[in-house]
Amino acid sequence: MYNLIKADLFKLRKSMAIKILLGITTVSSIAMIMMAYLLQQGKLSASASGLGFMFSDANMISILGAGVASIIICGDFDNRTIHEAIVNGNSRVKVVISKSITFCCGLFIILLPYIIVTAIAISTGYKYNMGQVSVGFLNIITLEAGKAISTSQVWKLLIIMLALAILYAAQLSICIPFAISFKKPVVVVPVYYGIVLFCTQLSRLEKTSKVFKNIYELTPYEGKYSLMSLSAGTNDIIKAIAVSLTFMIIMLTITCFVFRKAEIK
């Protein structure tokens, strides 16, 4: 499996599509922080916050993350790389695990500009504002930038940013069984974005049903996990990571089951 992962990571490093996605998130992260700064300074109207959210990590990763799964998994069905890996004696479980690891690495690459921008924004000492649409790394920026942060809080912020990266990976891990099943990017991308929109609407049921709220908290789509900041307790951070990792394991298990039953032509 080591050779599979090594080969996949090499292709990922050479992939022009990943470089294009990285370029998009780089431009988007800069646009996001500039708009948040101008909104705080009053140089943009509050109505511009909706446009600013379009450039945020939560929105861009929802759109582009499924694209990463399409590049890494669907693309290898098209060029028959997966077929060759199986013919050469690799089990389907090993193929799924190697693709999943590469997928997570690809997500981290396109998320990296937001991590860097967040660190820079907090270190500048300036304040930023994006209204009530702030989630994920943008939420950290709007809540924590402009404050005096101790060394211990810096370490806590790093852990929270790591937790958010794992959370995004967990949310997008549902694309892995989709990519294995459908094998077509034109299906995977819109289906996942539809799920994101559905989960956003579904979260409103938390206010009306305690049972649903308890169940929903066991998924990475629970909204409070995307709102972690320095005010978050240790248990909250640990729970977000545990829920995310558990969800990913479930998705990989489902993928392995689906792939074992699938016919490779």
# chains A, B, ... in the order shown; residues from 1 in each chain; ligands from 1
call {"tool": "residues_around", "arguments": {"residues": "region 220-231 of chain A", "least_positions_apart": "4", "cutoff": "9 Å", "atoms": "only C-alpha atoms", "output": "ChimeraX atom specification"}}
result
/A:58,134-137,139-140,143-144,153,156-157,160-161,163-164,167-168,170-171,196,199-200,203,213,216,236-237,239-241,243-244,247
call {"tool": "write_last_selection", "arguments": {"atoms": "N, CA, C and O atoms", "output": "compact mmCIF listing (two decimals), in the first residue's frame"}}
result
# COMPACT_ATOMS: atom_id res chain seq x y z
N ALA A 58 -15.50 27.96 4.02
CA ALA A 58 -16.65 27.05 4.11
C ALA A 58 -17.32 26.88 2.76
O ALA A 58 -17.69 25.75 2.38
N SER A 134 -19.99 34.35 9.17
CA SER A 134 -18.64 33.86 9.44
C SER A 134 -18.67 32.46 10.05
O SER A 134 -19.25 32.24 11.12
N VAL A 135 -18.04 31.51 9.37
CA VAL A 135 -17.88 30.15 9.88
C VAL A 135 -16.48 29.68 9.53
O VAL A 135 -15.79 30.29 8.71
N GLY A 136 -16.04 28.60 10.14
CA GLY A 136 -14.74 28.04 9.83
C GLY A 136 -13.58 28.97 10.16
O GLY A 136 -13.56 29.62 11.21
N PHE A 137 -12.62 29.06 9.26
CA PHE A 137 -11.45 29.91 9.48
C PHE A 137 -11.84 31.38 9.48
O PHE A 137 -11.24 32.19 10.20
N ASN A 139 -14.51 32.58 10.71
CA ASN A 139 -15.05 32.83 12.04
C ASN A 139 -13.93 33.10 13.04
O ASN A 139 -14.03 33.99 13.90
N ILE A 140 -12.83 32.33 12.93
CA ILE A 140 -11.67 32.55 13.81
C ILE A 140 -11.11 33.95 13.60
O ILE A 140 -10.78 34.66 14.56
N LEU A 143 -13.43 36.70 15.07
CA LEU A 143 -13.56 36.68 16.53
C LEU A 143 -12.24 36.94 17.27
O LEU A 143 -12.23 37.56 18.33
N GLU A 144 -11.14 36.46 16.71
CA GLU A 144 -9.88 36.49 17.45
C GLU A 144 -8.87 37.52 16.96
O GLU A 144 -8.00 37.92 17.73
N GLN A 153 -2.62 30.34 24.04
CA GLN A 153 -3.74 30.51 23.12
C GLN A 153 -3.34 30.28 21.67
O GLN A 153 -4.15 29.82 20.87
N LYS A 156 -3.54 26.68 21.21
CA LYS A 156 -4.95 26.27 21.14
C LYS A 156 -5.53 26.60 19.77
O LYS A 156 -6.29 25.80 19.20
N LEU A 157 -5.16 27.77 19.22
CA LEU A 157 -5.63 28.14 17.89
C LEU A 157 -5.14 27.15 16.83
O LEU A 157 -5.87 26.79 15.91
N ILE A 160 -7.24 24.12 17.06
CA ILE A 160 -8.57 24.38 16.50
C ILE A 160 -8.52 24.39 14.97
O ILE A 160 -9.41 23.84 14.30
N MET A 161 -7.48 24.99 14.40
CA MET A 161 -7.35 25.01 12.94
C MET A 161 -7.16 23.60 12.40
O MET A 161 -7.70 23.25 11.34
N ALA A 163 -8.34 20.93 13.87
CA ALA A 163 -9.67 20.32 14.03
C ALA A 163 -10.60 20.72 12.89
O ALA A 163 -11.37 19.89 12.39
N LEU A 164 -10.52 21.97 12.47
CA LEU A 164 -11.35 22.44 11.35
C LEU A 164 -10.96 21.74 10.04
O LEU A 164 -11.82 21.39 9.23
N LEU A 167 -12.36 18.42 10.19
CA LEU A 167 -13.81 18.53 10.03
C LEU A 167 -14.19 18.64 8.55
O LEU A 167 -15.12 17.97 8.09
N TYR A 168 -13.47 19.48 7.80
CA TYR A 168 -13.74 19.61 6.37
C TYR A 168 -13.50 18.28 5.65
O TYR A 168 -14.27 17.89 4.76
N ALA A 170 -13.80 15.34 6.92
CA ALA A 170 -14.89 14.44 7.28
C ALA A 170 -16.15 14.76 6.49
O ALA A 170 -16.84 13.87 5.99
N GLN A 171 -16.47 16.05 6.37
CA GLN A 171 -17.65 16.45 5.61
C GLN A 171 -17.55 15.98 4.16
O GLN A 171 -18.53 15.52 3.57
N VAL A 196 -24.81 19.42 0.85
CA VAL A 196 -24.43 20.54 1.72
C VAL A 196 -25.62 21.48 1.93
O VAL A 196 -25.92 21.89 3.05
N CYS A 199 -28.20 19.73 4.14
CA CYS A 199 -27.80 19.70 5.56
C CYS A 199 -27.96 21.07 6.21
O CYS A 199 -28.29 21.16 7.40
N THR A 200 -27.73 22.12 5.43
CA THR A 200 -27.92 23.48 5.96
C THR A 200 -29.37 23.70 6.35
O THR A 200 -29.67 24.28 7.41
N SER A 203 -30.41 21.47 9.43
CA SER A 203 -29.92 21.91 10.74
C SER A 203 -30.96 22.73 11.50
O SER A 203 -30.89 22.84 12.73
N LYS A 213 -31.36 16.74 17.33
CA LYS A 213 -30.16 17.50 17.67
C LYS A 213 -29.05 16.57 18.16
O LYS A 213 -27.89 16.69 17.76
N TYR A 216 -27.78 14.63 15.14
CA TYR A 216 -27.06 15.50 14.21
C TYR A 216 -25.67 15.86 14.74
O TYR A 216 -24.74 16.06 13.97
N ASP A 236 -15.19 20.24 23.70
CA ASP A 236 -15.83 20.55 22.42
C ASP A 236 -14.90 20.27 21.25
O ASP A 236 -15.31 19.73 20.22
N ILE A 237 -13.63 20.63 21.42
CA ILE A 237 -12.64 20.40 20.36
C ILE A 237 -12.41 18.90 20.16
O ILE A 237 -12.37 18.41 19.03
N LYS A 239 -14.45 16.50 20.92
CA LYS A 239 -15.66 15.90 20.35
C LYS A 239 -15.73 16.14 18.85
O LYS A 239 -16.09 15.23 18.08
N ALA A 240 -15.37 17.35 18.40
CA ALA A 240 -15.40 17.66 16.97
C ALA A 240 -14.44 16.75 16.20
O ALA A 240 -14.78 16.23 15.13
N ILE A 241 -13.25 16.54 16.76
CA ILE A 241 -12.26 15.67 16.11
C ILE A 241 -12.73 14.22 16.12
O ILE A 241 -12.63 13.51 15.11
N VAL A 243 -15.83 13.00 16.37
CA VAL A 243 -16.97 12.83 15.47
C VAL A 243 -16.49 12.77 14.02
O VAL A 243 -16.94 11.93 13.23
N SER A 244 -15.55 13.65 13.68
CA SER A 244 -15.04 13.71 12.31
C SER A 244 -14.32 12.42 11.93
O SER A 244 -14.56 11.85 10.85
N PHE A 247 -16.78 9.52 11.60
CA PHE A 247 -17.56 9.64 10.37
C PHE A 247 -16.73 9.21 9.16
O PHE A 247 -17.23 8.51 8.27
call {"tool": "residues_around", "arguments": {"residues": "Cys104 (chain A)", "least_positions_apart": "3", "cutoff": "10 Å", "atoms": "only C-alpha atoms", "output": "list of chain:residue names"}}
result
A:Gly65, A:Val68, A:Ala69, A:Lys99, A:Ser100, A:Ile101, A:Leu107, A:Phe108, A:Ile109, A:Ala165, A:Ile166, A:Tyr168, A:Ala169, A:Ala170, A:Leu172, A:Ser173
call {"tool": "residues_around", "arguments": {"residues": "Ile63 (chain A)", "least_positions_apart": "2", "cutoff": "10 Å", "atoms": "only C-alpha atoms", "output": "VMD selection string"}}
result
chain A and resid 57 to 61 65 to 68 189 to 190 192 to 193 196
call {"tool": "residues_around", "arguments": {"residues": "Leu112 (chain A)", "least_positions_apart": "2", "cutoff": "10 Å", "atoms": "only C-alpha atoms", "output": "count of residues only"}}
result
15
call {"tool": "closest_residue", "arguments": {"among": "A:Met35, A:Val96, A:Ile18, A:Val258", "to": "Ile5 (chain A)", "atoms": "only C-alpha atoms"}}
result
A:Val96
